[in-house]
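**Student:** What follows is coords12.pdb; its format and atoms are PDB, C-alpha atoms.
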```pdb
ATOM      1  CA  MET A   1       6.468 -17.312   2.028
ATOM      2  CA  LYS A   2       4.603 -15.518   4.831
ATOM      3  CA  GLY A   3       5.247 -11.969   5.977
ATOM      4  CA  ALA A   4       4.701  -8.372   4.927
ATOM      5  CA  TYR A   5       5.024  -6.512   1.659
ATOM      6  CA  VAL A   6       5.094  -2.935   0.441
ATOM      7  CA  LEU A   7       3.516  -1.809  -2.817
ATOM      8  CA  ILE A   8       4.903   1.412  -4.257
ATOM      9  CA  GLY A   9       2.444   3.221  -6.500
ATOM     10  CA  HIS A  10       2.639   6.429  -8.461
ATOM     11  CA  LEU A  11      -0.352   8.759  -8.683
ATOM     12  CA  LYS A  12       0.346  10.945 -11.708
ATOM     13  CA  LYS A  13      -2.126  13.730 -10.846
ATOM     14  CA  ASP A  14      -4.113  15.057  -7.913
ATOM     15  CA  SER A  15      -7.178  12.829  -7.737
ATOM     16  CA  LYS A  16     -10.377  12.026  -5.909
ATOM     17  CA  ILE A  17     -10.550   8.272  -5.461
ATOM     18  CA  LYS A  18     -13.522   6.462  -3.932
ATOM     19  CA  VAL A  19     -12.177   3.876  -1.515
ATOM     20  CA  GLY A  20     -14.873   1.551  -0.211
ATOM     21  CA  SER A  21     -16.090   2.445   3.275
ATOM     22  CA  LEU A  22     -13.606   5.350   3.509
ATOM     23  CA  GLY A  23     -15.526   7.204   0.812
ATOM     24  CA  GLU A  24     -13.935   9.682  -1.581
ATOM     25  CA  LEU A  25     -10.345  10.605  -0.746
ATOM     26  CA  ASP A  26      -8.480  13.647  -2.053
ATOM     27  CA  LEU A  27      -5.009  12.331  -2.884
ATOM     28  CA  LYS A  28      -2.041  14.396  -4.055
ATOM     29  CA  LYS A  29       0.079  13.402  -7.017
ATOM     30  CA  GLY A  30       3.195  11.608  -5.904
ATOM     31  CA  TYR A  31       4.237   8.219  -4.600
ATOM     32  CA  TYR A  32       2.359   6.007  -2.189
ATOM     33  CA  CYS A  33       3.608   3.059  -0.173
ATOM     34  CA  TYR A  34       1.003   0.576   0.977
ATOM     35  CA  VAL A  35       1.889  -2.011   3.605
ATOM     36  CA  GLY A  36       0.067  -5.332   3.611
ATOM     37  CA  SER A  37       0.638  -8.871   4.803
ATOM     38  CA  ALA A  38       0.060 -12.492   3.907
ATOM     39  CA  ARG A  39      -0.148 -14.786   6.900
ATOM     40  CA  GLY A  40      -3.120 -17.091   6.299
ATOM     41  CA  LYS A  41      -2.767 -20.838   5.879
ATOM     42  CA  SER A  42      -3.498 -20.738   2.153
ATOM     43  CA  MET A  43      -2.071 -17.278   1.415
ATOM     44  CA  SER A  44       1.502 -16.395   0.508
ATOM     45  CA  ILE A  45       3.126 -13.062  -0.245
ATOM     46  CA  GLU A  46       3.460 -14.215  -3.853
ATOM     47  CA  ASN A  47      -0.263 -14.927  -4.194
ATOM     48  CA  ARG A  48      -1.291 -11.699  -2.508
ATOM     49  CA  THR A  49       1.095  -9.438  -4.441
ATOM     50  CA  ASN A  50       0.247 -11.181  -7.734
ATOM     51  CA  ARG A  51      -3.409 -10.377  -7.079
ATOM     52  CA  HIS A  52      -2.512  -6.711  -6.549
ATOM     53  CA  LYS A  53      -0.339  -6.638  -9.691
ATOM     54  CA  ASN A  54      -3.160  -8.164 -11.715
ATOM     55  CA  LEU A  55      -5.663  -5.541 -10.520
ATOM     56  CA  ALA A  56      -3.180  -2.744 -11.227
ATOM     57  CA  SER A  57      -2.521  -3.938 -14.776
ATOM     58  CA  LYS A  58      -6.122  -4.765 -15.747
ATOM     59  CA  LYS A  59      -7.650  -1.781 -13.874
ATOM     60  CA  ALA A  60     -10.553  -4.057 -12.955
ATOM     61  CA  GLY A  61     -11.478  -6.924 -10.672
ATOM     62  CA  ASN A  62     -12.893  -7.752  -7.262
ATOM     63  CA  LEU A  63     -12.207  -4.754  -5.036
ATOM     64  CA  LYS A  64     -11.812  -6.515  -1.699
ATOM     65  CA  TRP A  65      -9.387  -4.219   0.189
ATOM     66  CA  HIS A  66      -8.836  -0.453   0.300
ATOM     67  CA  ILE A  67      -5.646  -0.768  -1.765
ATOM     68  CA  ASN A  68      -7.590  -2.357  -4.623
ATOM     69  CA  TYR A  69      -9.619   0.829  -5.150
ATOM     70  CA  PHE A  70      -6.361   2.784  -5.387
ATOM     71  CA  LEU A  71      -4.679   0.331  -7.773
ATOM     72  CA  VAL A  72      -7.528   0.265 -10.306
ATOM     73  CA  ASP A  73      -7.642   4.057 -10.633
ATOM     74  CA  PRO A  74      -6.438   5.054 -14.134
ATOM     75  CA  ALA A  75      -4.041   7.669 -12.692
ATOM     76  CA  VAL A  76      -2.180   5.043 -10.620
ATOM     77  CA  SER A  77       0.693   2.876 -11.777
ATOM     78  CA  LEU A  78       2.372   0.182  -9.696
ATOM     79  CA  VAL A  79       6.078   1.010  -9.509
ATOM     80  CA  ASP A  80       7.534  -1.751  -7.333
ATOM     81  CA  VAL A  81       6.782  -4.482  -4.819
ATOM     82  CA  LYS A  82       9.037  -5.233  -1.849
ATOM     83  CA  LYS A  83       8.468  -8.584  -0.127
ATOM     84  CA  MET A  84       9.617  -9.091   3.454
ATOM     85  CA  GLU A  85       9.632 -12.702   4.563
ATOM     86  CA  GLY A  86       8.683 -12.802   8.229
ATOM     87  CA  GLY A  87       8.060  -9.051   8.210
ATOM     88  CA  ASP A  88       5.337  -7.533  10.353
ATOM     89  CA  GLU A  89       2.722  -5.360   8.625
ATOM     90  CA  CYS A  90       2.116  -2.920  11.490
ATOM     91  CA  LYS A  91       5.776  -2.518  12.483
ATOM     92  CA  THR A  92       6.639  -1.882   8.843
ATOM     93  CA  SER A  93       3.813   0.634   8.489
ATOM     94  CA  LYS A  94       4.858   2.476  11.659
ATOM     95  CA  LEU A  95       8.430   2.745  10.324
ATOM     96  CA  LEU A  96       7.232   4.094   6.973
ATOM     97  CA  GLU A  97       4.939   6.539   8.746
ATOM     98  CA  GLY A  98       8.038   8.077  10.326
ATOM     99  CA  PHE A  99       9.640   8.637   6.906
ATOM    100  CA  ALA A 100       6.528   9.692   4.965
ATOM    101  CA  ASN A 101       5.324  13.181   4.136
ATOM    102  CA  GLU A 102       1.836  12.072   5.153
ATOM    103  CA  THR A 103      -0.159   8.992   6.174
ATOM    104  CA  ILE A 104      -3.649   8.461   4.787
ATOM    105  CA  GLN A 105      -5.796   8.067   7.899
ATOM    106  CA  GLY A 106      -7.594   4.737   8.240
ATOM    107  CA  PHE A 107      -6.461   3.425   4.841
ATOM    108  CA  GLY A 108      -5.864  -0.325   5.004
ATOM    109  CA  SER A 109      -5.831  -0.376   8.792
ATOM    110  CA  SER A 110      -9.468  -1.045   9.684
ATOM    111  CA  ASP A 111      -8.461  -4.405  11.205
ATOM    112  CA  CYS A 112      -5.288  -3.066  12.845
ATOM    113  CA  ILE A 113      -4.950  -3.903  16.539
ATOM    114  CA  PHE A 114      -1.839  -1.747  17.043
ATOM    115  CA  GLY A 115      -3.485   1.609  16.418
ATOM    116  CA  CYS A 116      -1.751   2.414  13.138
ATOM    117  CA  ALA A 117      -2.844   5.744  11.661
ATOM    118  CA  GLY A 118      -3.052   4.050   8.271
ATOM    119  CA  HIS A 119      -1.147   1.662   6.040
ATOM    120  CA  LEU A 120      -0.891   3.983   3.021
ATOM    121  CA  HIS A 121       1.904   6.544   3.142
ATOM    122  CA  TYR A 122       2.458   9.500   0.825
ATOM    123  CA  PHE A 123       5.853  10.606  -0.458
ATOM    124  CA  LYS A 124       6.402  13.623  -2.687
ATOM    125  CA  SER A 125       9.197  11.918  -4.621
ATOM    126  CA  ARG A 126       9.985   8.502  -6.048
ATOM    127  CA  VAL A 127      13.431   8.593  -4.461
ATOM    128  CA  GLY A 128      11.926   9.350  -1.048
ATOM    129  CA  ALA A 129       9.510   6.429  -1.288
ATOM    130  CA  ILE A 130      12.057   3.906  -2.553
ATOM    131  CA  LYS A 131      14.797   4.910  -0.106
ATOM    132  CA  SER A 132      12.358   4.757   2.795
ATOM    133  CA  VAL A 133      11.274   1.231   1.882
ATOM    134  CA  GLU A 134      14.900   0.163   1.426
ATOM    135  CA  ARG A 135      15.668   1.296   4.992
ATOM    136  CA  ILE A 136      13.341  -1.361   6.404
ATOM    137  CA  ARG A 137      15.061  -4.649   7.249
ATOM    138  CA  TRP A 138      13.637  -7.915   8.585
TER     139      TRP A 138
END
```
How does this structure look as structure tokens?
**Tutor:**
Amino acid sequence: MKGAYVLIGHLKKDSKIKVGSLGELDLKKGYYCYVGSARGKSMSIENRTNRHKNLASKKAGNLKWHINYFLVDPAVSLVDVKKMEGGDECKTSKLLEGFANETIQGFGSSDCIFGCAGHLHYFKSRVGAIKSVERIRW
């Protein structure tokens, strides 16, 4: 299956997390929704999200994308994964940006051609994050 996905993570305390080329980020405790995609010939949403789940559970691995640095932090737990067959990463991210309390500038959007502020969105509450993701339909 090709399309977009949203990872919902919980950061249990205010933290400084080093994120590759972005450097050290000051992140507030709360819930974060990361929007990614799987569109390559040999990549499916299942493969991509399984890789993220594996990193989140082991807290170690090859840190290839910005989200990987977030997921391996000990204060982060992966809460849920929403898969959107045929979904568009940037359109999804722009929708979530409108619902979020904050968007982390430049996070996960270094290759974005649509000018997204970032693909990681902060929500103060679990309910806010989950309801916002549920509002997105493809």
**Student:** Could you work out how far CA of Ser57 (chain A) lies from CA of Leu71 (chain A), giving the answer in Å with one decimal?
**Tutor:**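 Value for the CA of Leu71 (chain A)-CA of Ser57 (chain A) distance: 8.5 Å.
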**Student:** Any chance you could resolve the PyMOL selection byres ((chain A and resi 13) around 12) against this file and give the residues as a PDB file with C-alpha atoms, in the coordinates of the input?
**Tutor:**
```pdb
ATOM      1  CA  HIS A  10       2.639   6.429  -8.461  1.00  0.00           C
ATOM      2  CA  LEU A  11      -0.352   8.759  -8.683  1.00  0.00           C
ATOM      3  CA  LYS A  12       0.346  10.945 -11.708  1.00  0.00           C
ATOM      4  CA  ASP A  14      -4.113  15.057  -7.913  1.00  0.00           C
ATOM      5  CA  SER A  15      -7.178  12.829  -7.737  1.00  0.00           C
ATOM      6  CA  LYS A  16     -10.377  12.026  -5.909  1.00  0.00           C
ATOM      7  CA  ILE A  17     -10.550   8.272  -5.461  1.00  0.00           C
ATOM      8  CA  ASP A  26      -8.480  13.647  -2.053  1.00  0.00           C
ATOM      9  CA  LEU A  27      -5.009  12.331  -2.884  1.00  0.00           C
ATOM     10  CA  LYS A  28      -2.041  14.396  -4.055  1.00  0.00           C
ATOM     11  CA  LYS A  29       0.079  13.402  -7.017  1.00  0.00           C
ATOM     12  CA  GLY A  30       3.195  11.608  -5.904  1.00  0.00           C
ATOM     13  CA  TYR A  31       4.237   8.219  -4.600  1.00  0.00           C
ATOM     14  CA  ASP A  73      -7.642   4.057 -10.633  1.00  0.00           C
ATOM     15  CA  PRO A  74      -6.438   5.054 -14.134  1.00  0.00           C
ATOM     16  CA  ALA A  75      -4.041   7.669 -12.692  1.00  0.00           C
ATOM     17  CA  VAL A  76      -2.180   5.043 -10.620  1.00  0.00           C
ATOM     18  CA  SER A  77       0.693   2.876 -11.777  1.00  0.00           C
ATOM     19  CA  LYS A 124       6.402  13.623  -2.687  1.00  0.00           C
TER      20      LYS A 124
END
```
**Student:** So which one's closest to Tyr5 (chain A), A:Lys82, A:Arg126, A:Lys94, A:His121? Using all atoms listed in the file, please.
**Tutor:**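 Smallest separation from Tyr5 (chain A) among the options: A:Lys82.
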**Student:** From the set A:Leu63, A:Cys33, A:Val79, A:Cys112, which residue has the shortest atom-to-atom contact distance to Leu95 (chain A), counting only C-alpha atoms?
**Tutor:**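 Closest candidate: A:Cys33.
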**Student:** Using all atoms listed in the file, what residues lie at most 6 Å away from (1.7, -5.3, 15.1) (file coordinates), given as a PDB file with C-alpha atoms, in the frame of the given file?
**Tutor:**
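Here's the written file selection_15.pdb:
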```pdb
ATOM      1  CA  CYS A  90       2.116  -2.920  11.490  1.00  0.00           C
ATOM      2  CA  LYS A  91       5.776  -2.518  12.483  1.00  0.00           C
ATOM      3  CA  PHE A 114      -1.839  -1.747  17.043  1.00  0.00           C
TER       4      PHE A 114
END
```
**Student:** Excluding same-chain residues fewer than 5 positions from Asp88 (chain A), what lies within 9 Å of it counting all atoms listed in the file, as a VMD selection string?
**Tutor:** chain A and resid 3 to 5 36 to 37 93 138
**Student:** Any chance you could resolve the PyMOL selection byres ((chain A and resi 108) around 7) against this file and give the residues as a ChimeraX atom specification?
**Tutor:** /A:66-67,106-107,109-110,118-120
